[in-house]
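A short worksheet on the structure shown next.
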Amino acid sequence: MKKILKNDFTVLLLRLLPLYICIFITQIAFYLYNRMLLGSLTWSEIPMLLAGSLKFATASIFFLNAPFILLSLLPFRFRQKNGYQKMLLWLYGITNSIGLVVLNLSDAVYFRYAFKRISSEEMHFFRENDSTFGVLLKALGENWYLVLLGAVLIFLLVFVYKKIKYHPTQLSNNWLYYGVGVLGLAIAVPLWILGIRGSVDKKAFPMMIGNVAYYTQSPQKGALVLSNPFCLFRTIGKHQLESPDYFSEDELADVYSPYHYPHLAQEPVAKGKNVVIFVLESFSREHSHYLAPHLNPNGGYTPFLDSLMQEGLVFTNAYANGMKSIEALPSIFSSIPSYRAPFALMPQSLTDLEALPRILARQGYNTHFFCGATKNQMGFEAFGTLCGIENFHNREDFEKLHPEKGNANVWGIWDMPFLQYVAEEINRQETPFFTAVFTLSSHHPYDLPEGYMERMPKGNTLVQPCVAYTDLSLRSFFETASKMPWYENTLFIFVADHVSPQIAAEETRTARGNTAIIYFMYTPDHSIKGRYEHVTQQIDIMPTTLGLMGYDKPYFAFGRDVFNEPERKPLVVNCVQQTYQALTDSLSLYFDGERRLFVYSATDTLQQHNILDMNSLPQKSLERDLKATLQSYYAHVGKGDLLPANSEKK
């Protein structure tokens with residue numbers, strides 16, 4: 001009997017062992033490809049990273065190969081036939097080629113653009129946005145060495161599998177044969193469950209993505225521990241939101257509430273003005289000489305925007321609430337952030353939101369959204385409609401008017417001609433108006449129209465010449481718009497959607513720096529001017545803009561009016577690698593939903609010194625504010641309760 005069990009288990013284990021080696025190689029490739037984002041590794045952190053990687057690799061292998069493991073141990077004699085063994089080879093080869101090799105190497109490319117591993121959320125997004133999947137395939141084609149590595153790994157997996165021969169048992173007694181087979185399954189099933197759970201403790205929850213924090217010294221390196229398909233399987237069907245219960249309802253109301261009852265302390269200097277919001281693709285703070293002179297001693301890549309900042313209202317300590325473009329629009333338009341899942345992809349978002357465009361539309365504003373991509377390519381128009389935007393202008397509209405200028409990159413029309421089109425179209429509209437413009441050219445594949453690459457500064461990363469091109473395009477837009485009658489009475493808001501995947505500075509690779517963005521306001525009449533030095537975030541844009549415009553009715557928002565709500569603390573909350581990040585002027589705190597993991601001083605720009613102290617009053621206070629924010633967010637979003645108190649949907 002021992003010999004029989006030994007043969008079955010030995011063959012199975014030998015066939016699974018190459019999968020661990022395969023994952024380990026893909027993780028090395030993942031790190032080398034994304035070293036710019038993840039930063040350097042120290043010898044002291046490698047043992048824990050390897051231990052965590054082993055756990056998550058086991059879960060990935062066991063998740064993906066559950067059918068193969070079961071079929072390899074079925075206690076039936078037909079398992080010994082050549083045809084059955086060939087079927088196992090095909091199952092093993094196809095399953096692991098796609099699930100471990102292709103998916104993990106695709107992860108390496110995708111992470112550079114989304115700062116996260118591929119999950120079921122991306123599967124939904126790819127279905128809704130065909131171009132996104134096409135761009136990922138194009139990126140893999142550009143990185144031919146990853147494709148070559150994948151082909152080699154697939155060949156080696158099949159080659160090694162064939163070398164591990166299965167020898168049928170000579171046991172003729174059926175009772176003994178089936179008894180031993182059932183015993184083998186009885187041993188294998190608990191081991192499989194243990195590999196999936198990651199712990200022998202029955203009280204412990206099964207491993208989740210957030211568990212990576214236990215194996216890293218910094219939040220951003222959590223992705224290095226993970227492997228797919230664990231991320232995919234663990235997020236399939238996760239439509240139900242978290243429901244933290246840190247406080248009673250009365251306690252929560254004392255700490256945090258998304259209901260706003262304006263009491264304007266500042267003069268409404270933007271009352272009656274047109275509003276134009278530029279959502280700037282990948283405009284990290286590090287690109288600006290004005291915001292980061294220490295990173296750009298010879299001048300940055302946004303000279304025109306820097307010149308506007310000197311005459312405008314600059315938020316010097318601003319952060320994104322998400323890592324992807326689809327997460328930026330809810331934050332900017334409706335003051336609803338995305339934490340562990342994009343709000344725009346949740347079923348709870350399918351309602352008429354009390355967003356900035358809708359509020360202004362009720363004040364008589366015309367509402368417009370411009371994006372040079374094809375219609376609803378990235379889901380922007382669908383979400384914009386929920387926010388109350390009535391008029392959309394896209395690539396097709398541009399090409400109808402300017403067929404001779406219809407050349408585009410993979411995402412859409414180049415920013416230079418498209419922003420000229422934006423100025424022309426705005427000039428045709430009645431005032432007052434709300435207009436949002438989403439730029440495209442500073443996105444992968446980081447190419448520029450003919451003749452422009454040579455004119456742009458080379459930069460330290462591939463994206464910086466493209467950032468400079470968009471900055472030049474904005475300069476040209478303003479030169480055109482400044483001659484138009486609506487220009488002087490307009491509030492311009494500039495905000496990045498997220499940090500660029502291409503990172504030059506070490507401090508931008510940290511979890512805090514990886515969400516630091518450009519955000520400022522400008523009015524040609526200079527009625528809004530100054531520097532706001534405290535932390536602020538994308539979800540503060542809607543409340544702050546309403547305050548500047550003198551809006552005095554109750555509204556719903558998770559952000560704060562930074563000038564008229566002193567009772568609300570300057571606080572940023574976002575999510576990095578499924579770990580919650582809470583930022584203040586002095587601290588950066590990381591929380592997994594149950595406990596603090598890391599705390600850094602804000603002056604520790606490289607986040608090298610974890611000052612976690614469970615008894616520290618400032619840390620306790622920040623954790624309390626974070627918990628209140630999260631509980632309120634999940635309670636309201638989970639119920640679809642996103643309107644002002646005592647109001648009805650309109």
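Identifiers in this document derive from the order of the structure tokens: chains are assigned A, B, ..., residues are numbered from 1 separately in each chain, and ligands are numbered from 1 in order of occurrence.
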Practice task
Report as a list in words: the residues of range 188-313 of chain A with a DSSP assignment of strand (DSSP E), based on the backbone of this structure.
Solution key: Tyr259, His260, Asn274, Val275, Val276, Ile277, Phe278, Val279, Leu280 and Leu313 of chain A
Practice task
Show which residues sit within 10 Å of Tyr555 in chain A, as a VMD selection string. Count only C-alpha atoms, and ignore same-chain residues fewer than 5 positions away.
Solution key: chain A and resid 258 to 262 354 to 356 359 543 546 642 to 645 647
If you take only C-alpha atoms and a cut-off of 6 Å, which residues of range 272-327 of chain A touch range 336-352 of chain A, and what are their nearest atom pairs and distances in Å to one decimal, in chain and number order, as a tab-separated table?
residue	atom	partner	partner_atom	distance
A:Asn321	CA	A:Pro337	CA	5.8
A:Gly322	CA	A:Ser338	CA	6.0
A:Glu327	CA	A:Pro342	CA	5.4
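Here CA of Tyr161 in chain A stands at a distance of 8.7 Å from CA of Gly93 in chain A.
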Excluding Ser243 in chain A and its own-chain neighbours fewer than 2 positions away, which residues fall within 10 Å of it when counting only C-alpha atoms? Please give them as a PDB file with N, CA and C atoms, in the first residue's frame.
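result.pdb was written with the following content:
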ATOM      1  N   GLN A 240     -20.282  41.640  -3.609  1.00  0.00           N
ATOM      2  CA  GLN A 240     -20.737  42.195  -2.336  1.00  0.00           C
ATOM      3  C   GLN A 240     -19.596  42.971  -1.693  1.00  0.00           C
ATOM      4  N   LEU A 241     -19.889  44.190  -1.293  1.00  0.00           N
ATOM      5  CA  LEU A 241     -18.867  45.040  -0.712  1.00  0.00           C
ATOM      6  C   LEU A 241     -18.555  44.629   0.715  1.00  0.00           C
ATOM      7  N   ASP A 245     -17.590  47.273  10.600  1.00  0.00           N
ATOM      8  CA  ASP A 245     -18.479  47.707  11.684  1.00  0.00           C
ATOM      9  C   ASP A 245     -17.620  48.160  12.864  1.00  0.00           C
ATOM     10  N   TYR A 246     -16.894  49.244  12.643  1.00  0.00           N
ATOM     11  CA  TYR A 246     -15.985  49.732  13.669  1.00  0.00           C
ATOM     12  C   TYR A 246     -16.695  50.556  14.743  1.00  0.00           C
ATOM     13  N   LEU A 630     -13.968  54.619   6.012  1.00  0.00           N
ATOM     14  CA  LEU A 630     -14.252  53.352   5.337  1.00  0.00           C
ATOM     15  C   LEU A 630     -15.642  52.830   5.675  1.00  0.00           C
ATOM     16  N   GLN A 631     -16.010  52.881   6.956  1.00  0.00           N
ATOM     17  CA  GLN A 631     -17.323  52.372   7.340  1.00  0.00           C
ATOM     18  C   GLN A 631     -18.433  53.178   6.669  1.00  0.00           C
ATOM     19  N   SER A 632     -18.280  54.493   6.639  1.00  0.00           N
ATOM     20  CA  SER A 632     -19.283  55.333   5.992  1.00  0.00           C
ATOM     21  C   SER A 632     -19.348  55.047   4.495  1.00  0.00           C
ATOM     22  N   TYR A 633     -18.183  54.911   3.870  1.00  0.00           N
ATOM     23  CA  TYR A 633     -18.126  54.653   2.426  1.00  0.00           C
ATOM     24  C   TYR A 633     -18.851  53.359   2.075  1.00  0.00           C
ATOM     25  N   TYR A 634     -18.476  52.273   2.735  1.00  0.00           N
ATOM     26  CA  TYR A 634     -19.049  50.982   2.372  1.00  0.00           C
ATOM     27  C   TYR A 634     -20.527  50.891   2.742  1.00  0.00           C
ATOM     28  N   ALA A 635     -20.919  51.562   3.814  1.00  0.00           N
ATOM     29  CA  ALA A 635     -22.331  51.549   4.187  1.00  0.00           C
ATOM     30  C   ALA A 635     -23.173  52.271   3.145  1.00  0.00           C
ATOM     31  N   GLY A 638     -22.748  50.546  -0.453  1.00  0.00           N
ATOM     32  CA  GLY A 638     -23.395  49.242  -0.448  1.00  0.00           C
ATOM     33  C   GLY A 638     -24.901  49.338  -0.574  1.00  0.00           C
TER      34      GLY A 638
END
Each residue of range 289-389 of chain A with at least one atom at most 7 Å from range 457-474 of chain A should appear once, together with its nearest atom pair and the corresponding distance in Å (one decimal); atoms considered: only C-alpha atoms; ordering: chain, then increasing residue number; output as a Markdown table.
| residue | atom | partner | partner_atom | distance |
| --- | --- | --- | --- | --- |
| A:Tyr301 | CA | A:Ala468 | CA | 4.8 |
| A:Thr302 | CA | A:Asp471 | CA | 5.5 |
| A:Phe304 | CA | A:Asp471 | CA | 6.1 |
| A:Leu305 | CA | A:Asp471 | CA | 6.7 |
Handout entry: alpha helix (DSSP H) positions in range 461-649 of chain A, given as a PyMOL selection string
Key = chain A and resi 464-481+506-509+541-548+617-639
Which neighbours of Thr95 in chain A fall inside 10 Å, counting only C-alpha atoms, when residues of the same chain fewer than 3 positions from it are skipped, and could you give them as a compact mmCIF listing (two decimals) with N, CA and C atoms, in the first residue's frame?
# COMPACT_ATOMS: atom_id res chain seq x y z
N LEU A 64 -5.72 26.55 -9.62
CA LEU A 64 -5.75 26.30 -11.05
C LEU A 64 -5.77 24.82 -11.40
N ASN A 65 -5.07 24.02 -10.61
CA ASN A 65 -4.88 22.61 -10.95
C ASN A 65 -5.78 21.67 -10.15
N PRO A 67 -8.75 20.46 -10.90
CA PRO A 67 -9.22 19.33 -11.73
C PRO A 67 -8.11 18.33 -12.04
N PHE A 68 -6.92 18.84 -12.34
CA PHE A 68 -5.80 17.95 -12.66
C PHE A 68 -5.44 17.08 -11.46
N LEU A 89 -2.09 15.12 -19.67
CA LEU A 89 -1.02 15.95 -20.21
C LEU A 89 -1.60 17.20 -20.87
N TRP A 90 -2.64 17.03 -21.68
CA TRP A 90 -3.26 18.18 -22.35
C TRP A 90 -3.88 19.14 -21.33
N LEU A 91 -4.54 18.59 -20.33
CA LEU A 91 -5.15 19.43 -19.29
C LEU A 91 -4.08 20.22 -18.55
N TYR A 92 -3.03 19.55 -18.18
CA TYR A 92 -1.91 20.18 -17.47
C TYR A 92 -1.27 21.27 -18.33
N ILE A 98 -1.80 28.82 -19.92
CA ILE A 98 -2.62 30.03 -19.89
C ILE A 98 -2.60 30.65 -18.50
N GLY A 99 -2.88 29.81 -17.48
CA GLY A 99 -3.09 30.33 -16.13
C GLY A 99 -1.84 30.79 -15.42
N LEU A 100 -0.72 30.13 -15.64
CA LEU A 100 0.51 30.50 -14.92
C LEU A 100 1.48 31.29 -15.78
N VAL A 101 1.66 30.88 -17.02
CA VAL A 101 2.65 31.55 -17.86
C VAL A 101 2.08 32.82 -18.48
Problem - Residue contacts of Gln85 in chain A (10 Å, only C-alpha atoms) excluding same-chain residues fewer than 4 positions away, as an MDAnalysis selection string - result: chainID A and resid 71:72 78:81 89:91 165:166
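Counting from CA of Ser601 in chain A, the distance to CA of Leu291 in chain A is 19.8 Å.
Taking CA of Glu281 in chain A as the reference point, CA of Tyr580 in chain A is found at 23.5 Å.
The residue that comes closest to Gln581 in chain A, out of A:Met456, A:Ala320, A:Leu226, A:Val160 and on the basis of only C-alpha atoms, is A:Ala320.
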Using only C-alpha atoms, which protein or nucleic acid residues come within 6 Å of Arg285 in chain A? Drop anything in the same chain fewer than 5 positions from it, and give the result as an mmCIF file with N, CA and C atoms, in the first residue's frame.
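Saved to selection11.cif:
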data_model
loop_
_atom_site.group_PDB
_atom_site.id
_atom_site.type_symbol
_atom_site.label_atom_id
_atom_site.label_comp_id
_atom_site.auth_asym_id
_atom_site.auth_seq_id
_atom_site.Cartn_x
_atom_site.Cartn_y
_atom_site.Cartn_z
ATOM 1 N N ALA A 516 0.808 60.836 -5.746
ATOM 2 C CA ALA A 516 0.989 62.297 -5.709
ATOM 3 C C ALA A 516 0.829 62.881 -7.112
ATOM 4 N N ILE A 517 -0.113 63.806 -7.262
ATOM 5 C CA ILE A 517 -0.495 64.287 -8.590
ATOM 6 C C ILE A 517 -0.477 65.809 -8.682
ATOM 7 N N ILE A 518 -0.627 66.305 -9.905
ATOM 8 C CA ILE A 518 -0.809 67.731 -10.177
ATOM 9 C C ILE A 518 -2.288 68.075 -10.017
#
